[in-house]
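A.B. asks: Quick one: the structure is below, questions incoming.
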Amino acid sequence: MIKIIQETTEYLQKKGFDNPEIGIILGTGLGQLLDSVTIIKEVSYNHIPNFPTATVEFHTGKLIYGTLEGKNVIVMQGRFHLYEGYSLTDVTFPVRIMHALGIKKLLVSNAAGAVNLNFKKGELMLIDDHINLQGGSPLAFKGVEKLGERFTDMSAPYDPTMNASIEKIATANGVNLHKGVYASVVGPQLETRAEYRYLKIIGADAVGMSTVPEIIVANHLNLPVSAVSVLTDECGPDHLDPVDIPEIIAMAGKAEPDLITLFTELIKTL
């Protein structure tokens, strides 16, 4: 793993990915942030040694280096998921690469379903904690201790300082920001009525198919991380409509300007 990370890192350094400060992972349907980035270099995932390739049609699959609010940033335009057939090591490999390149903070976004019915589609949720329902760990491989503490502490997986700043920014800019627990499942099928009831019982406020593996690896690397969910649908088991993927993508786009406000204003302070 160390050799693979080194090979990929050196490739990107030669491509001009120089001294990045902040990494950003864009979730499903969330690409408008790039309009605010001054792009210096971009590389398709399938050109990067050892990188997985995004297979989801609305995940573009580019690693982008540029500046945002005066900071050097790396943006993942498209992420990887277990449901694409990748391992948890594959899914989280880009986090290790961004860390090896030098990022000091990581910001993550995703599209999620609102399990807490006090939350409505089109709103945002700051992730305060999570539940891993993906059936594995990105740290469960031989030699992981060479990259960080094997028994990684997860008592506060989301950086309290950055989260507090995001909440203040939301208040100052009139952004309706909830705070809650994100449950990560494998997918790609969406949940049954019984599964939504179960998620509510165990304490989830929102559910999605990503993010948690990246957060675990960020903590393994002692990399401060914050994450925001764009709530794209409401998951009331007693009034559950058939899934409408185009509507979910459209809702992500509609809510994204508020997410961009949170991330750009936060980056100014980092």
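We label chains A, B, ... in the order they appear in the structure tokens, count residues from 1 in each chain, and number ligands from 1 in the order shown.
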I'd like to know which residues of region 40-140 of chain A are helix (DSSP H, G or I) (by DSSP, run on the backbone); could you write them as a list in words?
C.D. replies: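 Of region 40-140 of chain A, only Tyr45, Asn46, His47, Leu82, Tyr83, Glu84, Leu88, Thr89, Asp90, Val91, Thr92, Phe93, Pro94, Val95, Arg96, Ile97, Met98, His99, Ala100 and Leu101 of chain A fall in helix (DSSP H, G or I).
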A.B. asks: Store the residues picked out above, limited to N, CA and C atoms, as a compact mmCIF listing (two decimals), in the first residue's frame.
C.D. replies:
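Output contents, as saved in again_16.txt:
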```
# COMPACT_ATOMS: atom_id res chain seq x y z
N TYR A 45 -9.79 10.25 -13.68
CA TYR A 45 -9.43 9.16 -12.80
C TYR A 45 -8.76 8.02 -13.55
N ASN A 46 -9.24 7.74 -14.78
CA ASN A 46 -8.71 6.58 -15.49
C ASN A 46 -7.31 6.81 -16.03
N HIS A 47 -6.75 8.02 -15.83
CA HIS A 47 -5.37 8.29 -16.21
C HIS A 47 -4.43 8.25 -15.00
N LEU A 82 -19.10 1.29 -2.75
CA LEU A 82 -19.10 -0.17 -2.68
C LEU A 82 -20.00 -0.77 -3.74
N TYR A 83 -21.14 -0.13 -4.01
CA TYR A 83 -22.11 -0.72 -4.93
C TYR A 83 -21.62 -0.78 -6.38
N GLU A 84 -20.49 -0.10 -6.66
CA GLU A 84 -19.90 -0.21 -7.99
C GLU A 84 -19.00 -1.43 -8.12
N LEU A 88 -13.56 -1.41 0.06
CA LEU A 88 -13.47 -0.23 0.91
C LEU A 88 -12.08 0.42 0.80
N THR A 89 -11.07 -0.38 0.50
CA THR A 89 -9.74 0.18 0.27
C THR A 89 -9.72 1.04 -0.99
N ASP A 90 -10.39 0.55 -2.06
CA ASP A 90 -10.50 1.33 -3.30
C ASP A 90 -11.24 2.64 -3.05
N VAL A 91 -12.37 2.54 -2.36
CA VAL A 91 -13.25 3.69 -2.14
C VAL A 91 -12.51 4.82 -1.43
N THR A 92 -11.61 4.46 -0.52
CA THR A 92 -10.95 5.45 0.32
C THR A 92 -9.54 5.80 -0.16
N PHE A 93 -9.08 5.15 -1.21
CA PHE A 93 -7.73 5.41 -1.72
C PHE A 93 -7.50 6.90 -2.04
N PRO A 94 -8.47 7.59 -2.66
CA PRO A 94 -8.24 9.02 -2.94
C PRO A 94 -8.00 9.87 -1.69
N VAL A 95 -8.60 9.51 -0.57
CA VAL A 95 -8.36 10.26 0.67
C VAL A 95 -6.90 10.11 1.09
N ARG A 96 -6.40 8.90 0.97
CA ARG A 96 -4.98 8.68 1.32
C ARG A 96 -4.06 9.45 0.38
N ILE A 97 -4.44 9.53 -0.90
CA ILE A 97 -3.62 10.26 -1.85
C ILE A 97 -3.65 11.77 -1.58
N MET A 98 -4.83 12.31 -1.32
CA MET A 98 -4.92 13.75 -1.02
C MET A 98 -4.11 14.08 0.23
N HIS A 99 -4.15 13.20 1.22
CA HIS A 99 -3.37 13.39 2.45
C HIS A 99 -1.88 13.33 2.13
N ALA A 100 -1.48 12.36 1.31
CA ALA A 100 -0.06 12.24 0.95
C ALA A 100 0.42 13.46 0.17
N LEU A 101 -0.48 14.07 -0.60
CA LEU A 101 -0.13 15.28 -1.35
C LEU A 101 0.01 16.50 -0.45
```
A.B. asks: Mind checking which residues fall within 7 Å of Val73 (chain A), counting only C-alpha atoms, ignoring those fewer than 4 positions away in the same chain, and posting them as an MDAnalysis selection string?
C.D. replies: chainID A and resid 20:23 65:68
A.B. asks: Go through A:Ile260, A:Ile216, A:Leu12, A:Ala204 and flag the residue nearest Ser137 (chain A), using only C-alpha atoms for the distances.
C.D. replies: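 Between A:Ile260, A:Ile216, A:Leu12, A:Ala204, the residue approaching Ser137 (chain A) most closely is A:Ile216.
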A.B. asks: Region 205-213 of chain A: which residues within 7 Å, counting only C-alpha atoms, same-chain residues fewer than 5 positions away excluded, as a PyMOL selection string?
C.D. replies: chain A and resi 81+88+92+111-116+132+138+180-187+200
A.B. asks: Can you spit out the residues from that selection as a compact mmCIF listing (two decimals), in the first residue's frame, using N, CA and C atoms?
C.D. replies:
```txt
# COMPACT_ATOMS: atom_id res chain seq x y z
N HIS A 81 -17.97 4.02 -4.80
CA HIS A 81 -18.92 3.40 -3.88
C HIS A 81 -18.74 1.88 -3.87
N LEU A 88 -13.56 -1.41 0.06
CA LEU A 88 -13.47 -0.23 0.91
C LEU A 88 -12.08 0.42 0.80
N THR A 92 -11.61 4.46 -0.52
CA THR A 92 -10.95 5.45 0.32
C THR A 92 -9.54 5.80 -0.16
N ALA A 111 -25.37 13.32 -1.23
CA ALA A 111 -26.83 13.38 -1.32
C ALA A 111 -27.39 12.27 -0.45
N ALA A 112 -28.41 12.58 0.34
CA ALA A 112 -28.93 11.61 1.29
C ALA A 112 -30.45 11.73 1.40
N GLY A 113 -31.05 10.67 1.89
CA GLY A 113 -32.47 10.67 2.17
C GLY A 113 -32.74 11.04 3.61
N ALA A 114 -33.76 11.85 3.84
CA ALA A 114 -34.11 12.29 5.19
C ALA A 114 -34.95 11.22 5.89
N VAL A 115 -34.36 10.59 6.90
CA VAL A 115 -35.08 9.63 7.74
C VAL A 115 -35.84 10.35 8.84
N ASN A 116 -35.21 11.39 9.36
CA ASN A 116 -35.87 12.27 10.33
C ASN A 116 -36.90 13.11 9.56
N ASN A 132 -22.15 3.05 10.70
CA ASN A 132 -21.58 2.30 9.57
C ASN A 132 -22.36 1.01 9.38
N PRO A 138 -12.60 0.16 6.11
CA PRO A 138 -11.47 0.44 5.22
C PRO A 138 -10.12 0.28 5.91
N GLY A 180 -27.23 16.16 12.45
CA GLY A 180 -27.75 14.84 12.78
C GLY A 180 -26.80 13.71 12.46
N VAL A 181 -27.36 12.50 12.49
CA VAL A 181 -26.60 11.26 12.33
C VAL A 181 -26.86 10.69 10.93
N TYR A 182 -25.78 10.36 10.26
CA TYR A 182 -25.84 9.81 8.90
C TYR A 182 -25.58 8.31 8.95
N ALA A 183 -26.45 7.53 8.36
CA ALA A 183 -26.25 6.08 8.25
C ALA A 183 -25.79 5.75 6.83
N SER A 184 -24.72 4.97 6.73
CA SER A 184 -24.19 4.60 5.42
C SER A 184 -24.47 3.13 5.15
N VAL A 185 -25.19 2.86 4.05
CA VAL A 185 -25.55 1.50 3.64
C VAL A 185 -24.83 1.17 2.33
N VAL A 186 -24.89 -0.07 1.91
CA VAL A 186 -24.18 -0.49 0.71
C VAL A 186 -24.88 -0.03 -0.56
N GLY A 187 -26.21 -0.21 -0.66
CA GLY A 187 -26.92 0.09 -1.90
C GLY A 187 -26.61 -0.98 -2.94
N LYS A 200 -34.59 4.65 11.60
CA LYS A 200 -35.07 5.64 12.57
C LYS A 200 -34.89 5.13 13.99
```
A.B. asks: Give the strand (DSSP E or B) residues of region 13-119 of chain A, as assigned by DSSP on the backbone, as a PyMOL selection string.
C.D. replies: chain A and resi 22-26+38-44+62-68+71-77+105-114
A.B. asks: Quick one: write out the picked residues with C-alpha atoms as a PDB file, in the first residue's frame?
C.D. replies:
```
ATOM      1  CA  ILE A  22      -7.843  21.427   1.477  1.00  0.00           C
ATOM      2  CA  GLY A  23      -9.485  18.381  -0.076  1.00  0.00           C
ATOM      3  CA  ILE A  24     -13.128  18.409  -1.189  1.00  0.00           C
ATOM      4  CA  ILE A  25     -15.236  15.384  -2.131  1.00  0.00           C
ATOM      5  CA  LEU A  26     -18.331  16.220  -4.173  1.00  0.00           C
ATOM      6  CA  THR A  38      -9.931  28.544 -10.470  1.00  0.00           C
ATOM      7  CA  ILE A  39      -8.807  25.315 -12.097  1.00  0.00           C
ATOM      8  CA  ILE A  40      -5.059  24.846 -12.570  1.00  0.00           C
ATOM      9  CA  LYS A  41      -4.881  21.125 -13.395  1.00  0.00           C
ATOM     10  CA  GLU A  42      -7.387  18.340 -13.894  1.00  0.00           C
ATOM     11  CA  VAL A  43      -6.789  14.639 -14.480  1.00  0.00           C
ATOM     12  CA  SER A  44      -9.359  11.976 -15.324  1.00  0.00           C
ATOM     13  CA  LYS A  62     -11.921  13.894 -12.409  1.00  0.00           C
ATOM     14  CA  LEU A  63      -9.389  14.976  -9.833  1.00  0.00           C
ATOM     15  CA  ILE A  64      -9.079  18.749  -9.982  1.00  0.00           C
ATOM     16  CA  TYR A  65      -6.405  21.032  -8.542  1.00  0.00           C
ATOM     17  CA  GLY A  66      -6.977  24.749  -8.242  1.00  0.00           C
ATOM     18  CA  THR A  67      -7.619  27.670  -5.941  1.00  0.00           C
ATOM     19  CA  LEU A  68     -10.726  28.577  -3.978  1.00  0.00           C
ATOM     20  CA  LYS A  71      -6.472  28.351  -0.855  1.00  0.00           C
ATOM     21  CA  ASN A  72      -5.000  25.518  -2.908  1.00  0.00           C
ATOM     22  CA  VAL A  73      -7.635  22.789  -3.139  1.00  0.00           C
ATOM     23  CA  ILE A  74      -8.027  19.312  -4.577  1.00  0.00           C
ATOM     24  CA  VAL A  75     -11.580  18.510  -5.634  1.00  0.00           C
ATOM     25  CA  MET A  76     -12.869  15.022  -6.321  1.00  0.00           C
ATOM     26  CA  GLN A  77     -15.521  15.451  -8.995  1.00  0.00           C
ATOM     27  CA  LYS A 105      -8.431  19.583   6.032  1.00  0.00           C
ATOM     28  CA  LEU A 106     -11.077  17.530   4.239  1.00  0.00           C
ATOM     29  CA  LEU A 107     -14.623  18.602   3.335  1.00  0.00           C
ATOM     30  CA  VAL A 108     -17.136  15.985   2.197  1.00  0.00           C
ATOM     31  CA  SER A 109     -20.592  16.289   0.668  1.00  0.00           C
ATOM     32  CA  ASN A 110     -23.228  13.745  -0.244  1.00  0.00           C
ATOM     33  CA  ALA A 111     -26.829  13.384  -1.317  1.00  0.00           C
ATOM     34  CA  ALA A 112     -28.933  11.608   1.295  1.00  0.00           C
ATOM     35  CA  GLY A 113     -32.475  10.666   2.167  1.00  0.00           C
ATOM     36  CA  ALA A 114     -34.107  12.291   5.191  1.00  0.00           C
TER      37      ALA A 114
END
```
A.B. asks: Point out the residue among A:Ile245, A:Val217, A:Leu34, A:Ala252 with the least atom-to-atom distance to Leu231 (chain A), counting only C-alpha atoms.
C.D. replies: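 Checking each of A:Ile245, A:Val217, A:Leu34, A:Ala252 against Leu231 (chain A), counting only C-alpha atoms, the winner is A:Ala252.
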A.B. asks: Which residues are close to region 143-145 of chain A, i.e. within 10 Å by only C-alpha atoms, leaving aside same-chain residues fewer than 5 positions away? Reply as an mmCIF file with C-alpha atoms, in the first residue's frame.
C.D. replies:
```
data_model
loop_
_atom_site.group_PDB
_atom_site.id
_atom_site.type_symbol
_atom_site.label_atom_id
_atom_site.label_comp_id
_atom_site.auth_asym_id
_atom_site.auth_seq_id
_atom_site.Cartn_x
_atom_site.Cartn_y
_atom_site.Cartn_z
ATOM 1 C CA MET A 1 0.000 0.000 0.000
ATOM 2 C CA ILE A 2 2.786 2.445 0.888
ATOM 3 C CA PRO A 138 -11.470 0.439 5.218
ATOM 4 C CA ARG A 150 -5.037 0.398 13.699
ATOM 5 C CA PHE A 151 -7.578 0.945 16.491
ATOM 6 C CA THR A 152 -8.586 4.405 15.355
ATOM 7 C CA HIS A 220 -7.006 7.106 10.690
#
```
A.B. asks: Which residues come within 10 Å of Asn176 (chain A), counting only C-alpha atoms, excluding same-chain residues fewer than 6 positions away, as JSON, numbers by chain?
C.D. replies: {"A": [119, 122, 123, 124, 125, 167, 170, 258]}
A.B. asks: Looking at A:Asn163, A:Gly16, A:Lys121, A:Asn50, which one is nearest to Ala250 (chain A), with distances taken over only C-alpha atoms?
C.D. replies: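 For Ala250 (chain A), the nearest of the candidates is A:Lys121.
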A.B. asks: At a cut-off of 9 Å, using only C-alpha atoms, what residues contact region 164-166 of chain A? Leave out same-chain residues fewer than 5 positions from it and give the result as a PyMOL selection string.
C.D. replies: chain A and resi 126+159+171+226+262-263+265-266+269
A.B. asks: Report, in Å with one decimal, the straight-line distance from CA of Glu256 (chain A) to CA of Thr192 (chain A).
C.D. replies: 27.0 Å
A.B. asks: Work out how far apart CA of Gly27 (chain A) and CA of Arg79 (chain A) are and give it in Å to one decimal.
C.D. replies: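 Computing the Euclidean distance for CA of Gly27 (chain A) and CA of Arg79 (chain A) yields 6.8 Å.
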